[in-house]
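Visitor: Next comes protein.pdb, PDB, C-alpha atoms, pLDDT in the B column:
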ATOM      1  CA  MET T   1      -5.680  74.399 140.559  1.00 65.00           C
ATOM      2  CA  THR T   2      -8.857  74.750 138.501  1.00 77.00           C
ATOM      3  CA  THR T   3      -9.501  73.955 134.901  1.00 80.00           C
ATOM      4  CA  THR T   4     -10.016  76.579 132.195  1.00 85.00           C
ATOM      5  CA  PRO T   5     -11.021  76.231 128.536  1.00 80.00           C
ATOM      6  CA  ASN T   6      -7.357  76.308 127.496  1.00 85.00           C
ATOM      7  CA  THR T   7      -6.291  74.027 130.370  1.00 88.00           C
ATOM      8  CA  PRO T   8      -9.017  71.349 130.566  1.00 88.00           C
ATOM      9  CA  VAL T   9      -6.765  68.958 132.537  1.00 85.00           C
ATOM     10  CA  ASP T  10      -5.266  70.174 135.801  1.00 86.00           C
ATOM     11  CA  GLY T  11      -3.823  66.968 137.169  1.00 84.00           C
ATOM     12  CA  PRO T  12      -1.988  64.824 137.734  1.00 87.00           C
ATOM     13  CA  TYR T  13      -0.286  66.582 134.807  1.00 88.00           C
ATOM     14  CA  ARG T  14      -1.606  69.868 133.417  1.00 88.00           C
ATOM     15  CA  ILE T  15      -2.565  69.763 129.740  1.00 89.00           C
ATOM     16  CA  SER T  16      -3.243  72.975 127.875  1.00 89.00           C
ATOM     17  CA  VAL T  17      -4.854  73.008 124.440  1.00 88.00           C
ATOM     18  CA  GLU T  18      -4.414  75.766 121.874  1.00 86.00           C
ATOM     19  CA  SER T  19      -5.561  76.019 118.301  1.00 83.00           C
ATOM     20  CA  ILE T  20      -3.167  76.198 115.371  1.00 80.00           C
ATOM     21  CA  PRO T  21      -4.104  76.609 111.695  1.00 80.00           C
ATOM     22  CA  SER T  22      -4.058  72.855 111.044  1.00 74.00           C
ATOM     23  CA  GLY T  23      -5.518  71.600 114.353  1.00 77.00           C
ATOM     24  CA  VAL T  24      -4.477  71.882 117.991  1.00 81.00           C
ATOM     25  CA  THR T  25      -1.402  71.671 120.185  1.00 83.00           C
ATOM     26  CA  LEU T  26      -1.333  69.902 123.529  1.00 87.00           C
ATOM     27  CA  ASP T  27       1.090  71.479 125.982  1.00 90.00           C
ATOM     28  CA  VAL T  28       2.269  68.642 128.244  1.00 90.00           C
ATOM     29  CA  GLU T  29       5.202  70.422 129.891  1.00 89.00           C
ATOM     30  CA  ALA T  30       4.408  68.980 133.334  1.00 89.00           C
ATOM     31  CA  PHE T  31       4.434  65.455 131.885  1.00 90.00           C
ATOM     32  CA  VAL T  32       7.705  66.063 130.035  1.00 90.00           C
ATOM     33  CA  HIS T  33       9.209  67.339 133.296  1.00 90.00           C
ATOM     34  CA  GLY T  34       8.279  64.018 134.887  1.00 89.00           C
ATOM     35  CA  VAL T  35       9.797  62.086 131.992  1.00 90.00           C
ATOM     36  CA  VAL T  36      13.039  64.080 132.131  1.00 88.00           C
ATOM     37  CA  THR T  37      13.165  63.476 135.879  1.00 89.00           C
ATOM     38  CA  ASP T  38      12.785  59.734 135.243  1.00 89.00           C
ATOM     39  CA  VAL T  39      15.556  59.856 132.628  1.00 86.00           C
ATOM     40  CA  VAL T  40      17.981  61.730 134.861  1.00 84.00           C
ATOM     41  CA  GLU T  41      17.251  59.405 137.765  1.00 87.00           C
ATOM     42  CA  ALA T  42      17.742  56.359 135.508  1.00 85.00           C
ATOM     43  CA  LEU T  43      21.050  57.714 134.199  1.00 82.00           C
ATOM     44  CA  LEU T  44      22.287  58.121 137.757  1.00 82.00           C
ATOM     45  CA  THR T  45      21.751  54.429 138.561  1.00 87.00           C
ATOM     46  CA  ASP T  46      24.331  51.682 138.162  1.00 87.00           C
ATOM     47  CA  LYS T  47      22.170  50.242 135.385  1.00 86.00           C
ATOM     48  CA  TYR T  48      22.995  53.136 133.049  1.00 83.00           C
ATOM     49  CA  ALA T  49      26.013  54.952 134.547  1.00 81.00           C
ATOM     50  CA  ASP T  50      28.653  52.795 132.818  1.00 83.00           C
ATOM     51  CA  ARG T  51      26.822  52.912 129.493  1.00 82.00           C
ATOM     52  CA  PHE T  52      26.387  56.666 129.721  1.00 77.00           C
ATOM     53  CA  ASP T  53      30.091  57.086 130.539  1.00 80.00           C
ATOM     54  CA  ALA T  54      31.049  54.864 127.593  1.00 79.00           C
ATOM     55  CA  LEU T  55      28.774  56.853 125.316  1.00 77.00           C
ATOM     56  CA  TYR T  56      30.347  60.092 126.494  1.00 76.00           C
ATOM     57  CA  ASP T  57      33.809  58.663 125.802  1.00 75.00           C
ATOM     58  CA  LEU T  58      32.807  57.952 122.200  1.00 73.00           C
ATOM     59  CA  GLN T  59      32.141  61.608 121.380  1.00 70.00           C
ATOM     60  CA  PRO T  60      33.032  62.970 118.884  1.00 70.00           C
ATOM     61  CA  ARG T  61      32.644  60.046 116.536  1.00 67.00           C
ATOM     62  CA  ASP T  62      33.919  59.784 112.997  1.00 69.00           C
ATOM     63  CA  PRO T  63      30.911  60.782 110.838  1.00 71.00           C
ATOM     64  CA  HIS T  64      32.234  58.648 107.978  1.00 77.00           C
ATOM     65  CA  VAL T  65      32.247  55.352 109.870  1.00 70.00           C
ATOM     66  CA  ILE T  66      29.472  52.996 108.781  1.00 70.00           C
ATOM     67  CA  GLU T  67      27.810  51.556 111.863  1.00 64.00           C
ATOM     68  CA  ARG T  68      25.467  48.601 112.161  1.00 68.00           C
ATOM     69  CA  PRO T  69      22.389  48.819 114.450  1.00 59.00           C
ATOM     70  CA  GLY T  70      24.251  46.933 117.188  1.00 62.00           C
ATOM     71  CA  ASP T  71      27.035  49.518 116.959  1.00 67.00           C
ATOM     72  CA  LEU T  72      24.793  52.476 117.811  1.00 70.00           C
ATOM     73  CA  PRO T  73      25.241  52.971 121.562  1.00 72.00           C
ATOM     74  CA  PHE T  74      23.342  56.275 121.651  1.00 71.00           C
ATOM     75  CA  GLU T  75      20.261  54.874 119.913  1.00 77.00           C
ATOM     76  CA  THR T  76      20.345  51.717 122.034  1.00 80.00           C
ATOM     77  CA  LEU T  77      20.685  53.757 125.230  1.00 77.00           C
ATOM     78  CA  VAL T  78      17.736  55.968 124.221  1.00 78.00           C
ATOM     79  CA  ALA T  79      15.569  52.916 123.498  1.00 82.00           C
ATOM     80  CA  ASP T  80      16.460  51.286 126.824  1.00 84.00           C
ATOM     81  CA  VAL T  81      15.813  54.463 128.847  1.00 81.00           C
ATOM     82  CA  VAL T  82      12.489  55.034 127.055  1.00 82.00           C
ATOM     83  CA  ALA T  83      11.504  51.520 128.124  1.00 85.00           C
ATOM     84  CA  ASP T  84      12.103  52.559 131.760  1.00 84.00           C
ATOM     85  CA  VAL T  85      10.325  55.945 131.847  1.00 81.00           C
ATOM     86  CA  ARG T  86       6.769  57.221 131.556  1.00 78.00           C
ATOM     87  CA  THR T  87       5.255  57.038 128.119  1.00 74.00           C
ATOM     88  CA  LYS T  88       1.574  57.469 128.917  1.00 76.00           C
ATOM     89  CA  LEU T  89      -0.124  60.671 129.964  1.00 79.00           C
ATOM     90  CA  PRO T  90      -3.037  59.857 132.274  1.00 81.00           C
ATOM     91  CA  VAL T  91      -6.230  61.907 132.059  1.00 83.00           C
ATOM     92  CA  TYR T  92      -8.858  61.038 134.653  1.00 82.00           C
ATOM     93  CA  GLY T  93     -12.649  61.204 134.841  1.00 81.00           C
ATOM     94  CA  LEU T  94     -14.352  64.365 133.735  1.00 87.00           C
ATOM     95  CA  GLN T  95     -11.008  65.828 132.703  1.00 86.00           C
ATOM     96  CA  ALA T  96     -10.954  63.323 129.805  1.00 85.00           C
ATOM     97  CA  LEU T  97     -14.297  64.682 128.608  1.00 88.00           C
ATOM     98  CA  ARG T  98     -13.154  68.297 129.021  1.00 90.00           C
ATOM     99  CA  LEU T  99      -9.982  67.527 127.076  1.00 89.00           C
ATOM    100  CA  ALA T 100     -11.945  65.803 124.298  1.00 90.00           C
ATOM    101  CA  GLY T 101     -14.407  68.687 124.191  1.00 91.00           C
ATOM    102  CA  ARG T 102     -11.664  71.286 123.957  1.00 90.00           C
ATOM    103  CA  ILE T 103      -9.835  69.354 121.232  1.00 89.00           C
ATOM    104  CA  GLU T 104     -13.099  69.011 119.293  1.00 90.00           C
ATOM    105  CA  GLN T 105     -13.886  72.700 119.776  1.00 90.00           C
ATOM    106  CA  LEU T 106     -10.481  73.819 118.499  1.00 88.00           C
ATOM    107  CA  ALA T 107     -10.061  71.196 115.781  1.00 87.00           C
ATOM    108  CA  THR T 108     -13.494  71.565 114.154  1.00 90.00           C
ATOM    109  CA  PRO T 109     -12.732  74.841 112.292  1.00 89.00           C
ATOM    110  CA  ALA T 110      -9.358  73.527 111.117  1.00 85.00           C
ATOM    111  CA  ILE T 111     -10.899  70.271 109.899  1.00 87.00           C
ATOM    112  CA  ALA T 112     -13.675  72.152 108.095  1.00 88.00           C
ATOM    113  CA  ALA T 113     -11.091  74.365 106.372  1.00 87.00           C
ATOM    114  CA  LEU T 114      -9.013  71.340 105.346  1.00 87.00           C
ATOM    115  CA  GLN T 115     -12.114  69.582 103.988  1.00 89.00           C
ATOM    116  CA  ALA T 116     -13.102  72.669 101.998  1.00 90.00           C
ATOM    117  CA  GLN T 117      -9.575  72.924 100.618  1.00 90.00           C
ATOM    118  CA  ALA T 118      -9.616  69.220  99.654  1.00 90.00           C
ATOM    119  CA  GLU T 119     -12.932  69.719  97.842  1.00 92.00           C
ATOM    120  CA  VAL T 120     -11.499  72.652  95.863  1.00 92.00           C
ATOM    121  CA  HIS T 121      -8.481  70.523  94.882  1.00 91.00           C
ATOM    122  CA  ALA T 122     -10.726  67.604  93.896  1.00 90.00           C
ATOM    123  CA  VAL T 123     -12.835  69.860  91.631  1.00 89.00           C
ATOM    124  CA  ALA T 124      -9.672  71.307  90.056  1.00 88.00           C
ATOM    125  CA  ILE T 125      -8.241  67.833  89.405  1.00 91.00           C
ATOM    126  CA  GLU T 126     -11.521  66.635  87.886  1.00 89.00           C
ATOM    127  CA  SER T 127     -11.502  69.686  85.620  1.00 86.00           C
ATOM    128  CA  ILE T 128      -7.930  68.989  84.503  1.00 89.00           C
ATOM    129  CA  VAL T 129      -8.713  65.310  83.885  1.00 89.00           C
ATOM    130  CA  ARG T 130     -11.673  66.307  81.707  1.00 86.00           C
ATOM    131  CA  GLY T 131      -9.365  68.660  79.784  1.00 84.00           C
ATOM    132  CA  GLU T 132     -11.081  71.819  81.031  1.00 77.00           C
ATOM    133  CA  GLY T 133      -8.149  73.208  82.988  1.00 63.00           C
ATOM    134  CA  GLY T 134      -4.396  73.174  83.094  1.00 53.00           C
ATOM    135  CA  ALA T 135      -1.595  75.488  82.055  1.00 53.00           C
ATOM    136  CA  ALA T 136      -3.057  76.192  78.599  1.00 48.00           C
ATOM    137  CA  ALA T 137      -6.486  77.171  79.887  1.00 45.00           C
TER
END
Spell out the structure here as structure tokens.
Guide:
Amino acid sequence: MTTTPNTPVDGPYRISVESIPSGVTLDVEAFVHGVVTDVVEALLTDKYADRFDALYDLQPRDPHVIERPGDLPFETLVADVVADVRTKLPVYGLQALRLAGRIEQLATPAIAALQAQAEVHAVAIESIVRGEGGAAA
């Protein structure tokens, strides 16, 4: 696979970059697929099977019951599985520079627009503080 401007990273996990009005999005579907694979594999082990079964048996729970942090099997299970799966997305060599370049290329117009908008708001606030603006003006 080769890189393109919208896909500056082609491996080990493809990363595509697209602009949005407020910045950029990073599409890391291949990485998420790996994470989900890790989660499913972890849930199929003896380490998690009993806990997953117990969690399933608890559904549906009474929404009015007040639970303490130690009583939250779903949240505890999520935290433990997250500790066992991938949480870092590696980007190697020149791909890191291509990714940084693409993010900079797509983010620069959005950042400039946000800065211009912030300057307009700052001028308006200064005007209101000085008594030159507001609802009566």
Visitor: T:Thr4: which residues within 10 Å, counting all atoms listed in the file, same-chain residues fewer than 4 positions away excluded, as a PyMOL selection string?
Guide: chain T and resi 8-10+16-17+98+102
Visitor: Could you check the closest approach to T:Pro5 for each of T:Ile128, T:Ile103, T:Val35, T:Ala113 and tell me which residue wins, using all atoms listed in the file?
Guide: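 When distances to T:Pro5 are compared using all atoms listed in the file, the smallest one comes from T:Ile103.
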Visitor: For the structure provided, state which residues fall under the PyMOL selection byres ((chain T and resi 19) around 9), and present them as a PyMOL selection string.
Guide: chain T and resi 17-18+20-25+103+106-107+110
Visitor: Write out as an NGL selection string each polymer residue whose atoms come within 10 Å of T:Thr87, counting only C-alpha atoms; drop sequence neighbours fewer than 5 positions from it.
Guide: :T and (31-32 or 35 or 82)
Visitor: Could you give me, as a PDB file with C-alpha atoms, in the coordinates of the input, the residues that sit within 12 Å of (18.5, 56.3, 135.3) in the file's coordinates, counting all atoms listed in the file?
Guide:
ATOM      1  CA  VAL T  35       9.797  62.086 131.992  1.00 90.00           C
ATOM      2  CA  VAL T  36      13.039  64.080 132.131  1.00 88.00           C
ATOM      3  CA  THR T  37      13.165  63.476 135.879  1.00 89.00           C
ATOM      4  CA  ASP T  38      12.785  59.734 135.243  1.00 89.00           C
ATOM      5  CA  VAL T  39      15.556  59.856 132.628  1.00 86.00           C
ATOM      6  CA  VAL T  40      17.981  61.730 134.861  1.00 84.00           C
ATOM      7  CA  GLU T  41      17.251  59.405 137.765  1.00 87.00           C
ATOM      8  CA  ALA T  42      17.742  56.359 135.508  1.00 85.00           C
ATOM      9  CA  LEU T  43      21.050  57.714 134.199  1.00 82.00           C
ATOM     10  CA  LEU T  44      22.287  58.121 137.757  1.00 82.00           C
ATOM     11  CA  THR T  45      21.751  54.429 138.561  1.00 87.00           C
ATOM     12  CA  ASP T  46      24.331  51.682 138.162  1.00 87.00           C
ATOM     13  CA  LYS T  47      22.170  50.242 135.385  1.00 86.00           C
ATOM     14  CA  TYR T  48      22.995  53.136 133.049  1.00 83.00           C
ATOM     15  CA  ALA T  49      26.013  54.952 134.547  1.00 81.00           C
ATOM     16  CA  ASP T  50      28.653  52.795 132.818  1.00 83.00           C
ATOM     17  CA  ARG T  51      26.822  52.912 129.493  1.00 82.00           C
ATOM     18  CA  PHE T  52      26.387  56.666 129.721  1.00 77.00           C
ATOM     19  CA  LEU T  77      20.685  53.757 125.230  1.00 77.00           C
ATOM     20  CA  VAL T  78      17.736  55.968 124.221  1.00 78.00           C
ATOM     21  CA  ASP T  80      16.460  51.286 126.824  1.00 84.00           C
ATOM     22  CA  VAL T  81      15.813  54.463 128.847  1.00 81.00           C
ATOM     23  CA  VAL T  82      12.489  55.034 127.055  1.00 82.00           C
ATOM     24  CA  ALA T  83      11.504  51.520 128.124  1.00 85.00           C
ATOM     25  CA  ASP T  84      12.103  52.559 131.760  1.00 84.00           C
ATOM     26  CA  VAL T  85      10.325  55.945 131.847  1.00 81.00           C
TER      27      VAL T  85
END
Visitor: Just to confirm, what's the straight-line distance from atom CA of T:Leu99 to atom CA of T:Ala118 in Å (one decimal)?
Guide: 27.5 Å
Visitor: State, in Å with one decimal place, the distance from atom CA of T:Glu104 to atom CA of T:Ala122.
Guide: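 Atom-to-atom, atom CA of T:Glu104 to atom CA of T:Ala122, that is 25.5 Å.
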Visitor: Provide the atom CA of T:Phe74 to atom CA of T:Gln59 distance in Å, to one decimal place.
Guide: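 Between atom CA of T:Phe74 and atom CA of T:Gln59 the gap works out to 10.3 Å.
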Visitor: Counting only C-alpha atoms, which residue out of T:Val65, T:Leu72, T:Val91, T:Ala54 sits closest to T:Val28?
Guide: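 The answer is T:Val91, which sits nearest to T:Val28.
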